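Everything below belongs to run-v1.tsv, which stores TSV, C-alpha atoms (C1' of nucleotides).
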```tsv
chain	number	residue	atom	x	y	z
T	443	MET	CA	-123.11	-38.35	-57.70
T	444	ASN	CA	-123.82	-40.02	-54.43
T	445	ALA	CA	-125.18	-43.40	-53.45
T	446	LYS	CA	-128.61	-41.97	-52.72
T	447	THR	CA	-129.22	-40.64	-56.23
T	448	LEU	CA	-127.87	-43.75	-57.88
T	449	ILE	CA	-130.04	-46.07	-55.79
T	450	LEU	CA	-133.09	-43.93	-56.47
T	451	ALA	CA	-132.26	-44.08	-60.20
T	452	ILE	CA	-132.12	-47.86	-60.13
T	453	LEU	CA	-135.29	-48.29	-58.07
T	454	ASN	CA	-137.07	-45.86	-60.35
T	455	ARG	CA	-136.73	-48.47	-63.10
T	456	GLN	CA	-137.26	-51.65	-61.13
T	457	GLU	CA	-137.63	-52.94	-57.61
T	458	ALA	CA	-134.57	-54.71	-56.26
T	459	THR	CA	-132.76	-56.05	-53.22
T	460	GLY	CA	-129.57	-54.50	-51.86
T	461	TYR	CA	-127.66	-57.40	-53.27
T	462	GLU	CA	-129.08	-56.87	-56.74
T	463	ILE	CA	-128.40	-53.15	-56.59
T	464	ARG	CA	-124.77	-53.84	-55.88
T	465	LYS	CA	-124.58	-56.19	-58.84
T	466	MET	CA	-126.05	-53.60	-61.17
T	467	CYS	CA	-123.52	-51.05	-59.93
T	468	THR	CA	-120.59	-53.27	-60.74
T	469	GLU	CA	-121.79	-55.14	-63.82
T	470	GLY	CA	-124.79	-53.58	-65.49
T	471	PRO	CA	-125.00	-50.34	-67.43
T	472	TYR	CA	-125.03	-48.47	-64.11
T	473	SER	CA	-121.38	-49.34	-63.67
T	474	TYR	CA	-120.57	-46.47	-66.04
T	475	PHE	CA	-121.54	-44.06	-63.31
T	476	VAL	CA	-120.18	-45.29	-60.00
T	477	ASP	CA	-119.14	-48.31	-57.99
T	478	ILE	CA	-120.75	-48.57	-54.61
T	479	SER	CA	-120.32	-51.40	-52.17
T	480	TYR	CA	-122.51	-53.11	-49.59
T	481	GLY	CA	-121.10	-50.89	-46.90
T	482	SER	CA	-122.79	-47.90	-48.48
T	483	ILE	CA	-125.79	-49.56	-50.12
T	484	TYR	CA	-127.46	-51.03	-47.05
T	485	PRO	CA	-127.13	-47.98	-44.80
T	486	THR	CA	-128.33	-45.73	-47.65
T	487	LEU	CA	-131.32	-47.96	-48.26
T	488	ALA	CA	-132.18	-47.77	-44.56
T	489	LYS	CA	-131.91	-44.00	-44.61
T	490	LEU	CA	-134.06	-43.75	-47.74
T	491	GLU	CA	-136.72	-45.89	-46.10
T	492	GLU	CA	-136.67	-43.64	-43.06
T	493	GLU	CA	-137.23	-40.66	-45.32
T	494	GLU	CA	-140.04	-42.62	-46.99
T	495	LEU	CA	-138.49	-42.28	-50.41
T	496	VAL	CA	-138.46	-46.07	-50.71
T	497	SER	CA	-140.45	-48.86	-49.10
T	498	SER	CA	-139.69	-52.54	-48.68
T	499	ARG	CA	-141.25	-55.95	-48.32
T	500	VAL	CA	-139.63	-59.19	-47.24
T	501	GLU	CA	-139.94	-62.43	-49.18
T	502	HIS	CA	-139.21	-65.71	-47.44
T	503	HIS	CA	-137.80	-68.64	-49.39
T	504	SER	CA	-137.17	-71.96	-47.74
T	505	GLY	CA	-133.51	-72.78	-47.91
T	506	LYS	CA	-132.57	-69.37	-49.24
T	507	PRO	CA	-131.87	-66.15	-47.41
T	508	ASP	CA	-134.74	-63.73	-47.03
T	509	ARG	CA	-135.01	-61.15	-49.77
T	510	LYS	CA	-135.75	-57.61	-48.69
T	511	ILE	CA	-137.13	-56.03	-51.82
T	512	TYR	CA	-137.15	-52.27	-52.09
T	513	GLN	CA	-139.52	-50.17	-54.19
T	514	ILE	CA	-139.45	-46.47	-54.81
T	515	THR	CA	-142.36	-44.46	-53.41
T	516	GLU	CA	-144.13	-41.61	-55.12
T	517	ALA	CA	-142.21	-39.15	-52.97
T	518	GLY	CA	-139.03	-40.90	-54.03
T	519	GLN	CA	-139.90	-40.52	-57.68
T	520	HIS	CA	-140.53	-36.83	-57.25
T	521	GLU	CA	-137.26	-36.41	-55.38
T	522	PHE	CA	-135.36	-38.26	-58.07
T	523	ILE	CA	-136.88	-36.37	-61.00
T	524	ALA	CA	-136.24	-33.10	-59.22
T	525	SER	CA	-132.61	-34.03	-58.72
T	526	LEU	CA	-132.26	-34.69	-62.45
T	527	ALA	CA	-133.45	-31.19	-63.26
T	528	ASN	CA	-130.56	-29.21	-61.79
T	529	PRO	CA	-127.58	-29.13	-64.15
T	530	PRO	CA	-125.07	-31.92	-63.61
T	531	GLN	CA	-121.64	-31.60	-62.07
T	532	PRO	CA	-118.84	-31.94	-64.60
T	533	ASP	CA	-117.68	-35.43	-65.47
T	534	LYS	CA	-114.70	-36.79	-63.66
T	535	PHE	CA	-112.05	-39.04	-65.05
T	536	LYS	CA	-109.26	-40.57	-63.01
T	537	SER	CA	-106.51	-42.64	-64.52
T	538	GLU	CA	-103.48	-44.14	-62.89
T	539	PHE	CA	-102.41	-45.48	-66.25
T	540	LEU	CA	-102.10	-41.94	-67.56
T	541	LEU	CA	-99.68	-41.09	-64.77
T	542	ILE	CA	-97.53	-44.04	-65.75
T	543	ALA	CA	-97.65	-42.91	-69.37
T	544	MET	CA	-96.76	-39.38	-68.41
T	545	CYS	CA	-93.74	-40.67	-66.54
T	546	ALA	CA	-92.91	-43.37	-69.08
T	547	GLU	CA	-89.22	-42.49	-69.13
T	548	LEU	CA	-88.95	-43.43	-65.46
T	549	GLY	CA	-90.14	-46.99	-66.03
T	550	THR	CA	-88.63	-49.84	-68.00
T	551	LYS	CA	-89.94	-50.80	-71.40
T	552	GLU	CA	-91.21	-53.94	-69.72
T	553	SER	CA	-93.20	-52.25	-66.95
T	554	VAL	CA	-94.78	-49.74	-69.34
T	555	LYS	CA	-95.64	-52.56	-71.71
T	556	ILE	CA	-97.49	-54.38	-68.95
T	557	ALA	CA	-99.38	-51.21	-68.07
T	558	ILE	CA	-100.56	-50.36	-71.58
T	559	ASP	CA	-101.35	-53.94	-72.54
T	560	GLU	CA	-103.39	-54.38	-69.40
T	561	ARG	CA	-105.16	-51.13	-70.19
T	562	ILE	CA	-105.93	-52.28	-73.74
T	563	ALA	CA	-107.22	-55.61	-72.48
T	564	HIS	CA	-109.40	-53.87	-69.95
T	565	VAL	CA	-110.97	-51.51	-72.47
T	566	GLU	CA	-111.57	-54.41	-74.84
T	567	GLU	CA	-113.35	-56.30	-72.10
T	568	GLU	CA	-115.51	-53.34	-71.21
T	569	LEU	CA	-116.37	-52.85	-74.85
T	570	LYS	CA	-117.46	-56.45	-75.08
T	571	MET	CA	-119.61	-56.03	-72.00
T	572	ILE	CA	-121.16	-52.80	-73.24
T	573	ARG	CA	-121.92	-54.39	-76.61
T	574	SER	CA	-123.67	-57.29	-74.95
T	575	HIS	CA	-125.89	-54.77	-73.18
T	576	HIS	CA	-126.57	-52.95	-76.41
T	577	SER	CA	-128.06	-55.93	-78.17
T	578	GLU	CA	-130.61	-56.42	-75.40
T	579	CYS	CA	-131.45	-52.76	-75.01
T	580	SER	CA	-134.90	-51.40	-75.64
T	581	HIS	CA	-135.04	-48.33	-73.44
T	582	PRO	CA	-134.11	-45.26	-75.54
T	583	GLY	CA	-132.16	-43.30	-72.92
T	584	THR	CA	-130.16	-46.36	-71.92
T	585	CYS	CA	-129.47	-47.04	-75.57
T	586	TRP	CA	-128.15	-43.54	-76.03
T	587	VAL	CA	-125.80	-43.91	-73.10
T	588	ILE	CA	-124.59	-47.31	-74.24
T	589	GLU	CA	-123.85	-45.97	-77.70
T	590	TYR	CA	-121.98	-43.10	-76.12
T	591	GLY	CA	-119.88	-45.52	-74.11
T	592	GLU	CA	-119.23	-47.68	-77.12
T	593	HIS	CA	-118.18	-44.71	-79.18
T	594	CYS	CA	-115.77	-43.40	-76.56
T	595	MET	CA	-114.23	-46.75	-75.74
T	596	SER	CA	-113.66	-47.86	-79.29
T	597	ASN	CA	-111.97	-44.56	-80.07
T	598	ASP	CA	-109.92	-44.90	-76.93
T	599	LEU	CA	-108.81	-48.30	-78.12
T	600	ILE	CA	-107.79	-46.97	-81.52
T	601	PHE	CA	-105.49	-44.44	-79.92
T	602	LEU	CA	-104.03	-46.91	-77.47
T	603	LYS	CA	-103.16	-49.37	-80.21
T	604	LYS	CA	-101.84	-46.78	-82.62
T	605	LYS	CA	-99.63	-45.06	-80.07
T	606	ARG	CA	-98.50	-48.11	-78.14
T	607	GLU	CA	-95.10	-48.40	-79.79
T	608	GLU	CA	-94.44	-44.71	-79.36
T	609	LEU	CA	-94.96	-44.98	-75.62
T	610	LEU	CA	-92.74	-48.04	-75.37
T	611	ASP	CA	-90.00	-46.14	-77.18
T	612	ILE	CA	-90.14	-43.35	-74.60
T	613	ALA	CA	-89.76	-45.94	-71.87
T	614	GLY	CA	-87.00	-47.78	-73.70
T	615	ARG	CA	-84.66	-44.84	-74.18
T	616	ASN	CA	-83.15	-45.11	-70.72
T	617	ASP	CA	-83.10	-48.88	-70.42
T	618	GLY	CA	-79.48	-48.87	-71.56
T	619	PHE	CA	-78.43	-46.49	-68.79
T	620	ARG	CA	-80.31	-48.43	-66.22
T	621	THR	CA	-78.73	-51.73	-67.15
T	622	ALA	CA	-75.29	-50.11	-67.08
T	623	ALA	CA	-75.96	-48.66	-63.65
T	624	GLU	CA	-77.10	-51.92	-62.09
X	879	MET	CA	-104.60	-42.58	-56.99
X	880	ASN	CA	-104.09	-40.72	-53.78
X	881	ALA	CA	-102.78	-37.28	-52.95
X	882	LYS	CA	-99.41	-38.65	-51.90
X	883	THR	CA	-98.56	-40.20	-55.27
X	884	LEU	CA	-99.78	-37.20	-57.20
X	885	ILE	CA	-97.75	-34.75	-55.15
X	886	LEU	CA	-94.67	-36.93	-55.48
X	887	ALA	CA	-95.24	-37.02	-59.25
X	888	ILE	CA	-95.38	-33.25	-59.44
X	889	LEU	CA	-92.37	-32.68	-57.21
X	890	ASN	CA	-90.45	-35.25	-59.20
X	891	ARG	CA	-90.59	-32.83	-62.12
X	892	GLN	CA	-90.18	-29.52	-60.33
X	893	GLU	CA	-90.04	-28.01	-56.88
X	894	ALA	CA	-93.17	-26.18	-55.86
X	895	THR	CA	-95.17	-24.63	-53.05
X	896	GLY	CA	-98.45	-26.09	-51.80
X	897	TYR	CA	-100.24	-23.29	-53.52
X	898	GLU	CA	-98.60	-24.05	-56.85
X	899	ILE	CA	-99.32	-27.75	-56.51
X	900	ARG	CA	-102.97	-27.02	-56.09
X	901	LYS	CA	-102.96	-24.86	-59.21
X	902	MET	CA	-101.35	-27.62	-61.24
X	903	CYS	CA	-103.97	-30.07	-60.02
X	904	THR	CA	-106.82	-27.89	-61.17
X	905	GLU	CA	-105.42	-26.22	-64.28
X	906	GLY	CA	-102.32	-27.90	-65.64
X	907	PRO	CA	-102.03	-31.26	-67.34
X	908	TYR	CA	-102.20	-32.90	-63.90
X	909	SER	CA	-105.86	-32.03	-63.77
X	910	TYR	CA	-106.53	-35.03	-66.00
X	911	PHE	CA	-105.75	-37.27	-63.06
X	912	VAL	CA	-107.31	-35.82	-59.94
X	913	ASP	CA	-108.48	-32.69	-58.21
X	914	ILE	CA	-107.11	-32.19	-54.75
X	915	SER	CA	-107.69	-29.19	-52.54
X	916	TYR	CA	-105.65	-27.34	-49.93
X	917	GLY	CA	-107.27	-29.36	-47.20
X	918	SER	CA	-105.49	-32.45	-48.46
X	919	ILE	CA	-102.37	-30.90	-50.00
X	920	TYR	CA	-100.91	-29.22	-46.94
X	921	PRO	CA	-101.40	-32.12	-44.52
X	922	THR	CA	-100.03	-34.55	-47.13
X	923	LEU	CA	-96.99	-32.37	-47.68
X	924	ALA	CA	-96.37	-32.32	-43.93
X	925	LYS	CA	-96.65	-36.09	-43.76
X	926	LEU	CA	-94.29	-36.54	-46.70
X	927	GLU	CA	-91.75	-34.29	-45.03
X	928	GLU	CA	-92.00	-36.34	-41.86
X	929	GLU	CA	-91.31	-39.46	-43.89
X	930	GLU	CA	-88.38	-37.62	-45.47
X	931	LEU	CA	-89.70	-38.18	-48.98
X	932	VAL	CA	-89.70	-34.42	-49.53
X	933	SER	CA	-87.81	-31.53	-47.96
X	934	SER	CA	-88.59	-27.83	-47.84
X	935	ARG	CA	-87.05	-24.41	-47.58
X	936	VAL	CA	-88.72	-21.09	-46.84
X	937	GLU	CA	-88.28	-17.99	-48.96
X	938	HIS	CA	-89.13	-14.61	-47.50
X	939	HIS	CA	-90.36	-11.82	-49.73
X	940	SER	CA	-91.10	-8.39	-48.39
X	941	GLY	CA	-94.74	-7.59	-48.87
X	942	LYS	CA	-95.60	-11.10	-50.01
X	943	PRO	CA	-96.46	-14.21	-48.02
X	944	ASP	CA	-93.60	-16.57	-47.26
X	945	ARG	CA	-93.17	-19.33	-49.80
X	946	LYS	CA	-92.50	-22.78	-48.44
X	947	ILE	CA	-90.92	-24.55	-51.35
X	948	TYR	CA	-90.89	-28.32	-51.38
X	949	GLN	CA	-88.38	-30.55	-53.19
X	950	ILE	CA	-88.44	-34.29	-53.57
X	951	THR	CA	-85.63	-36.20	-51.84
X	952	GLU	CA	-83.76	-39.16	-53.26
X	953	ALA	CA	-85.82	-41.47	-51.07
X	954	GLY	CA	-88.92	-39.79	-52.46
X	955	GLN	CA	-87.82	-40.41	-56.01
X	956	HIS	CA	-87.22	-44.07	-55.30
X	957	GLU	CA	-90.59	-44.37	-53.61
X	958	PHE	CA	-92.32	-42.71	-56.56
X	959	ILE	CA	-90.60	-44.75	-59.25
X	960	ALA	CA	-91.36	-47.92	-57.31
X	961	SER	CA	-95.02	-46.97	-57.12
X	962	LEU	CA	-95.11	-46.54	-60.90
X	963	ALA	CA	-93.87	-50.07	-61.41
X	964	ASN	CA	-96.86	-51.96	-60.04
X	965	PRO	CA	-99.66	-52.19	-62.58
X	966	PRO	CA	-102.20	-49.39	-62.34
X	967	GLN	CA	-105.73	-49.62	-61.01
X	968	PRO	CA	-108.37	-49.44	-63.73
X	969	ASP	CA	-109.46	-46.00	-64.88
X	970	LYS	CA	-112.55	-44.55	-63.37
X	971	PHE	CA	-115.11	-42.40	-65.05
X	972	LYS	CA	-118.01	-40.75	-63.29
X	973	SER	CA	-120.66	-38.78	-65.07
X	974	GLU	CA	-123.77	-37.17	-63.74
X	975	PHE	CA	-124.64	-36.05	-67.22
X	976	LEU	CA	-124.87	-39.66	-68.34
X	977	LEU	CA	-127.46	-40.35	-65.66
X	978	ILE	CA	-129.54	-37.47	-66.94
X	979	ALA	CA	-129.17	-38.81	-70.48
X	980	MET	CA	-130.14	-42.30	-69.36
X	981	CYS	CA	-133.27	-40.89	-67.77
X	982	ALA	CA	-133.93	-38.35	-70.52
X	983	GLU	CA	-137.61	-39.23	-70.77
X	984	LEU	CA	-138.12	-38.07	-67.19
X	985	GLY	CA	-136.89	-34.56	-67.89
X	986	THR	CA	-138.27	-31.84	-70.10
X	987	LYS	CA	-136.74	-31.08	-73.46
X	988	GLU	CA	-135.56	-27.83	-71.91
X	989	SER	CA	-133.76	-29.36	-68.91
X	990	VAL	CA	-132.04	-32.00	-71.04
X	991	LYS	CA	-131.02	-29.33	-73.52
X	992	ILE	CA	-129.35	-27.34	-70.76
X	993	ALA	CA	-127.53	-30.46	-69.57
X	994	ILE	CA	-126.14	-31.51	-72.95
X	995	ASP	CA	-125.28	-27.98	-74.07
X	996	GLU	CA	-123.44	-27.36	-70.85
X	997	ARG	CA	-121.63	-30.63	-71.31
X	998	ILE	CA	-120.63	-29.70	-74.88
X	999	ALA	CA	-119.41	-26.30	-73.73
X	1000	HIS	CA	-117.42	-27.89	-70.97
X	1001	VAL	CA	-115.68	-30.39	-73.24
X	1002	GLU	CA	-114.93	-27.64	-75.74
X	1003	GLU	CA	-113.33	-25.58	-73.02
X	1004	GLU	CA	-111.22	-28.48	-71.83
X	1005	LEU	CA	-110.13	-29.17	-75.36
X	1006	LYS	CA	-109.04	-25.59	-75.74
X	1007	MET	CA	-107.08	-25.84	-72.51
X	1008	ILE	CA	-105.45	-29.11	-73.47
X	1009	ARG	CA	-104.49	-27.75	-76.88
X	1010	SER	CA	-102.85	-24.75	-75.29
X	1011	HIS	CA	-100.75	-27.16	-73.24
X	1012	HIS	CA	-99.87	-29.15	-76.30
X	1013	SER	CA	-98.24	-26.29	-78.14
X	1014	GLU	CA	-95.88	-25.64	-75.24
X	1015	CYS	CA	-95.06	-29.26	-74.58
X	1016	SER	CA	-91.58	-30.64	-74.92
X	1017	HIS	CA	-91.59	-33.58	-72.53
X	1018	PRO	CA	-92.41	-36.77	-74.50
X	1019	GLY	CA	-94.52	-38.57	-71.86
X	1020	THR	CA	-96.57	-35.47	-71.19
X	1021	CYS	CA	-97.02	-35.00	-74.92
X	1022	TRP	CA	-98.32	-38.53	-75.26
X	1023	VAL	CA	-100.85	-37.98	-72.51
X	1024	ILE	CA	-101.98	-34.66	-73.92
X	1025	GLU	CA	-102.50	-36.21	-77.34
X	1026	TYR	CA	-104.47	-38.98	-75.72
X	1027	GLY	CA	-106.68	-36.43	-73.98
X	1028	GLU	CA	-107.14	-34.46	-77.15
X	1029	HIS	CA	-108.08	-37.57	-79.09
X	1030	CYS	CA	-110.65	-38.72	-76.54
X	1031	MET	CA	-112.23	-35.33	-76.02
X	1032	SER	CA	-112.56	-34.42	-79.66
X	1033	ASN	CA	-114.21	-37.77	-80.35
X	1034	ASP	CA	-116.45	-37.24	-77.36
X	1035	LEU	CA	-117.49	-33.91	-78.82
X	1036	ILE	CA	-118.28	-35.46	-82.19
X	1037	PHE	CA	-120.69	-37.90	-80.59
X	1038	LEU	CA	-122.30	-35.28	-78.38
X	1039	LYS	CA	-122.99	-33.00	-81.33
X	1040	LYS	CA	-124.16	-35.73	-83.64
X	1041	LYS	CA	-126.54	-37.30	-81.12
X	1042	ARG	CA	-127.77	-34.15	-79.46
X	1043	GLU	CA	-131.06	-33.96	-81.35
X	1044	GLU	CA	-131.75	-37.62	-80.74
X	1045	LEU	CA	-131.48	-37.11	-77.00
X	1046	LEU	CA	-133.70	-34.06	-77.07
X	1047	ASP	CA	-136.31	-36.08	-78.94
X	1048	ILE	CA	-136.34	-38.70	-76.20
X	1049	ALA	CA	-136.90	-35.97	-73.66
X	1050	GLY	CA	-139.53	-34.24	-75.75
X	1051	ARG	CA	-141.83	-37.21	-76.23
X	1052	ASN	CA	-143.56	-36.72	-72.89
X	1053	ASP	CA	-143.62	-32.96	-72.82
X	1054	GLY	CA	-147.15	-33.02	-74.21
X	1055	PHE	CA	-148.39	-35.24	-71.39
X	1056	ARG	CA	-146.66	-33.14	-68.80
X	1057	THR	CA	-148.17	-29.91	-70.04
X	1058	ALA	CA	-151.60	-31.53	-70.13
X	1059	ALA	CA	-151.21	-32.79	-66.57
X	1060	GLU	CA	-150.17	-29.45	-65.12
Z	1006	DT	C1'	-115.29	-80.86	-49.96
Z	1007	DA	C1'	-113.93	-76.50	-51.38
Z	1008	DG	C1'	-115.32	-72.50	-53.36
Z	1009	DG	C1'	-118.65	-69.57	-55.25
Z	1010	DC	C1'	-123.22	-67.55	-55.09
Z	1011	DC	C1'	-127.09	-65.75	-52.61
Z	1012	DA	C1'	-128.20	-62.42	-48.97
Z	1013	DT	C1'	-128.05	-58.83	-45.03
Z	1014	DG	C1'	-125.88	-56.07	-42.23
Z	1015	DT	C1'	-122.26	-53.46	-38.95
Z	1016	DA	C1'	-118.01	-51.01	-37.23
Z	1017	DA	C1'	-113.74	-49.09	-37.79
Z	1018	DC	C1'	-111.35	-46.47	-40.58
Z	1019	DC	C1'	-109.70	-43.23	-44.15
Z	1020	DG	C1'	-109.13	-40.03	-47.66
Z	1021	DG	C1'	-110.78	-36.19	-48.97
Z	1022	DT	C1'	-113.84	-31.78	-48.99
Z	1023	DT	C1'	-115.76	-27.47	-47.07
Z	1024	DA	C1'	-115.43	-23.78	-44.60
Z	1025	DC	C1'	-112.90	-20.96	-41.82
Z	1026	DA	C1'	-108.92	-17.88	-40.14
Z	1027	DT	C1'	-105.45	-14.51	-41.66
Z	1028	DG	C1'	-103.44	-10.87	-44.37
Z	1029	DA	C1'	-100.75	-8.13	-47.76
Z	1030	DT	C1'	-100.50	-6.70	-52.75
Z	1031	DT	C1'	-102.10	-5.61	-57.12
Z	1032	DA	C1'	-105.14	-4.96	-61.02
Z	1033	DG	C1'	-109.47	-3.21	-62.75
I	442	DC	C1'	-112.92	0.54	-53.64
I	443	DT	C1'	-113.48	-4.10	-54.76
I	444	DA	C1'	-112.09	-8.33	-56.30
I	445	DA	C1'	-108.68	-11.36	-57.35
I	446	DT	C1'	-104.19	-13.43	-56.49
I	447	DC	C1'	-100.74	-15.03	-53.54
I	448	DA	C1'	-99.99	-17.97	-49.56
I	449	DT	C1'	-100.44	-21.28	-45.42
I	450	DG	C1'	-102.83	-23.85	-42.60
I	451	DT	C1'	-106.67	-26.19	-39.38
I	452	DA	C1'	-111.05	-28.50	-37.82
I	453	DA	C1'	-115.27	-30.44	-38.54
I	454	DC	C1'	-117.47	-33.26	-41.31
I	455	DC	C1'	-118.86	-36.75	-44.74
I	456	DG	C1'	-119.17	-40.22	-48.02
I	457	DG	C1'	-117.47	-44.13	-48.91
I	458	DT	C1'	-114.41	-48.54	-48.38
I	459	DT	C1'	-112.62	-52.68	-46.01
I	460	DA	C1'	-113.14	-56.17	-43.30
I	461	DC	C1'	-115.86	-58.80	-40.50
I	462	DA	C1'	-120.00	-61.77	-38.92
I	463	DT	C1'	-123.32	-65.30	-40.47
I	464	DG	C1'	-125.07	-69.19	-43.02
I	465	DG	C1'	-127.32	-72.27	-46.30
I	466	DC	C1'	-127.42	-74.00	-51.15
I	467	DC	C1'	-125.34	-75.52	-55.36
I	468	DT	C1'	-121.72	-76.77	-58.53
I	469	DA	C1'	-117.16	-78.56	-59.89
```
Could you render the structure as structure tokens?
Amino acid sequence: MNAKTLILAILNRQEATGYEIRKMCTEGPYSYFVDISYGSIYPTLAKLEEEELVSSRVEHHSGKPDRKIYQITEAGQHEFIASLANPPQPDKFKSEFLLIAMCAELGTKESVKIAIDERIAHVEEELKMIRSHHSECSHPGTCWVIEYGEHCMSNDLIFLKKKREELLDIAGRNDGFRTAAE
Amino acid sequence: MNAKTLILAILNRQEATGYEIRKMCTEGPYSYFVDISYGSIYPTLAKLEEEELVSSRVEHHSGKPDRKIYQITEAGQHEFIASLANPPQPDKFKSEFLLIAMCAELGTKESVKIAIDERIAHVEEELKMIRSHHSECSHPGTCWVIEYGEHCMSNDLIFLKKKREELLDIAGRNDGFRTAAE
DNA sequence: TAGGCCATGTAACCGGTTACATGATTAG
DNA sequence: CTAATCATGTAACCGGTTACATGGCCTA
């Protein structure tokens, strides 16, 4: 999924500034799709306006920076809905942690411990975030997605906690050799 | 995770040609990390050889293309192990399907049905693949990762099947309007 | 008064993909 | 006979990131 589709998806729900769009991509429920940064948001917004898929108005506030608020146009809505209709590309999952786990015997018990504990903490934090969204959720599709995320992450967490010791044992087997070699 | 680390990880286990590396990235257990294509594998391999992190030898076979087989060097092993030690970047998950689900009410019951059924089929296929790897797995770290994948995907599948109807209902609510409007 | 938040935008760069070029062998 | 598999590699392109420029307000 590219920046264009994601921005259209956001603007289809609510008007927003580039700054707000970026926030939603990193914090809100949209963060479960992609992260995009200013460097791609602003140019994409400009392109979309050129194509007349979005329009904008500027609000002036004394003492605050101007806000350039973007809305989706009718053409933009059509474009977005059309793009939803063609079947989605398969999900992608990338994990550096999994590489560390796969090569656990090459690390020390200590380094693997840091990796898995950080991973557990991270999933717990995301779960907390996703649950906070759930309580304030009224839109059915968003609800569905949030429940999906909650389901996956809490199961993820169960595995991570249950199999933590096992992974540390794999890492620990060679610690003796290593110490002897140093 | 970049191509360099992934290739080093593969070569740390076994020597391989560029062609074989690509296969492992798309089919083997390495596919749970990243997909990389020839266009990035061959140039990366050349760069790694320049840096003397890998070396290569060429095998000639009558009637078959030459095989340029790469091995990791000692320097390469050190580099790889060192890269495992620093804590991993957070996992990333991207899903176009989830965007369709989030905007279910904008699609027809039919289009959403195609999306979720395709998604279910895809996860089922991956599960089958991962299970076939599991049976032939002897390396403990790889085993751990495969079990992790199996756990996550089978739970994913449970949710998808249980909540399928619910999602279709969200999509179906407006089908009446749409038909009337056409 | 230092740092964070609001807010917009650009330019250089980079990692990767897509498509192409080449060509023999083998299985259906 | 056709398609797939083996096998290596390049060039153009593209989508996105990082870092920079700018600047006022508010909070600790």
One decimal place gives the atom CA of X:Ser934-atom CA of X:Lys882 separation as 15.8 Å
What is the atom CA of T:Leu569-atom CA of T:Met595 distance in Å, reported with one decimal?
6.5 Å
Near chain T, 12 Å: chain I residue rows, closest pairs, all atoms listed in the file, as a Markdown table:
```
| residue | atom | partner | partner_atom | distance |
| --- | --- | --- | --- | --- |
| I:DC455 | C1' | T:Asn444 | CA | 11.4 |
| I:DG456 | C1' | T:Asn444 | CA | 7.9 |
| I:DG457 | C1' | T:Ser482 | CA | 6.5 |
| I:DT458 | C1' | T:Gly481 | CA | 7.2 |
| I:DT459 | C1' | T:Gly481 | CA | 8.7 |
| I:DA460 | C1' | T:Gly481 | CA | 10.2 |
| I:DC461 | C1' | T:Gly481 | CA | 11.4 |
| I:DT463 | C1' | T:Pro507 | CA | 11.0 |
| I:DG464 | C1' | T:Pro507 | CA | 8.6 |
| I:DG465 | C1' | T:Gly505 | CA | 6.4 |
| I:DC466 | C1' | T:Gly505 | CA | 7.0 |
| I:DC467 | C1' | T:Lys506 | CA | 11.3 |
```
Write out as a ChimeraX atom specification which residues come within 10 Å of T:Ala546 when counting all atoms listed in the file, dropping same-chain ones fewer than 6 positions away.
/T:540,553-555,609-615 /X:962,1018-1020,1022
Please report the interatomic distance between atom CA of T:Leu495 and atom CA of T:Leu450 in Å with one decimal.
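Between these atoms lies a distance of 8.3 Å.
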Skip T:Lys465 itself and residues of its chain fewer than 2 positions away, then list as a list of chain:residue names all residues within 12 Å of it, counting only C-alpha atoms (C1' of nucleotides).
T:Ile449, T:Ile452, T:Ala458, T:Thr459, T:Gly460, T:Tyr461, T:Glu462, T:Ile463, T:Cys467, T:Thr468, T:Glu469, T:Gly470, T:Pro471, T:Tyr472, T:Ser473, T:Val476, T:Asp477, T:Ile478, T:Ser479, T:Tyr480, T:Ile483, Z:DC1011
Provide as a ChimeraX atom specification the residues of chain X at most 7 Å from chain T, counting all atoms listed in the file.
/X:879,910-912,959,962-963,965-967,969-976,978-982,984-985,989,993,1018-1020,1023,1026,1030,1033-1034,1037,1048
Those same residues - C-alpha atoms - I'd like them written as a compact mmCIF listing (two decimals), keeping the file's coordinate frame.
```
# COMPACT_ATOMS: atom_id res chain seq x y z
CA MET X 879 -104.60 -42.58 -56.99
CA TYR X 910 -106.53 -35.03 -66.00
CA PHE X 911 -105.75 -37.27 -63.06
CA VAL X 912 -107.31 -35.82 -59.94
CA ILE X 959 -90.60 -44.75 -59.25
CA LEU X 962 -95.11 -46.54 -60.90
CA ALA X 963 -93.87 -50.07 -61.41
CA PRO X 965 -99.66 -52.19 -62.58
CA PRO X 966 -102.20 -49.39 -62.34
CA GLN X 967 -105.73 -49.62 -61.01
CA ASP X 969 -109.46 -46.00 -64.88
CA LYS X 970 -112.55 -44.55 -63.37
CA PHE X 971 -115.11 -42.40 -65.05
CA LYS X 972 -118.01 -40.75 -63.29
CA SER X 973 -120.66 -38.78 -65.07
CA GLU X 974 -123.77 -37.17 -63.74
CA PHE X 975 -124.64 -36.05 -67.22
CA LEU X 976 -124.87 -39.66 -68.34
CA ILE X 978 -129.54 -37.47 -66.94
CA ALA X 979 -129.17 -38.81 -70.48
CA MET X 980 -130.14 -42.30 -69.36
CA CYS X 981 -133.27 -40.89 -67.77
CA ALA X 982 -133.93 -38.35 -70.52
CA LEU X 984 -138.12 -38.07 -67.19
CA GLY X 985 -136.89 -34.56 -67.89
CA SER X 989 -133.76 -29.36 -68.91
CA ALA X 993 -127.53 -30.46 -69.57
CA PRO X 1018 -92.41 -36.77 -74.50
CA GLY X 1019 -94.52 -38.57 -71.86
CA THR X 1020 -96.57 -35.47 -71.19
CA VAL X 1023 -100.85 -37.98 -72.51
CA TYR X 1026 -104.47 -38.98 -75.72
CA CYS X 1030 -110.65 -38.72 -76.54
CA ASN X 1033 -114.21 -37.77 -80.35
CA ASP X 1034 -116.45 -37.24 -77.36
CA PHE X 1037 -120.69 -37.90 -80.59
CA ILE X 1048 -136.34 -38.70 -76.20
```
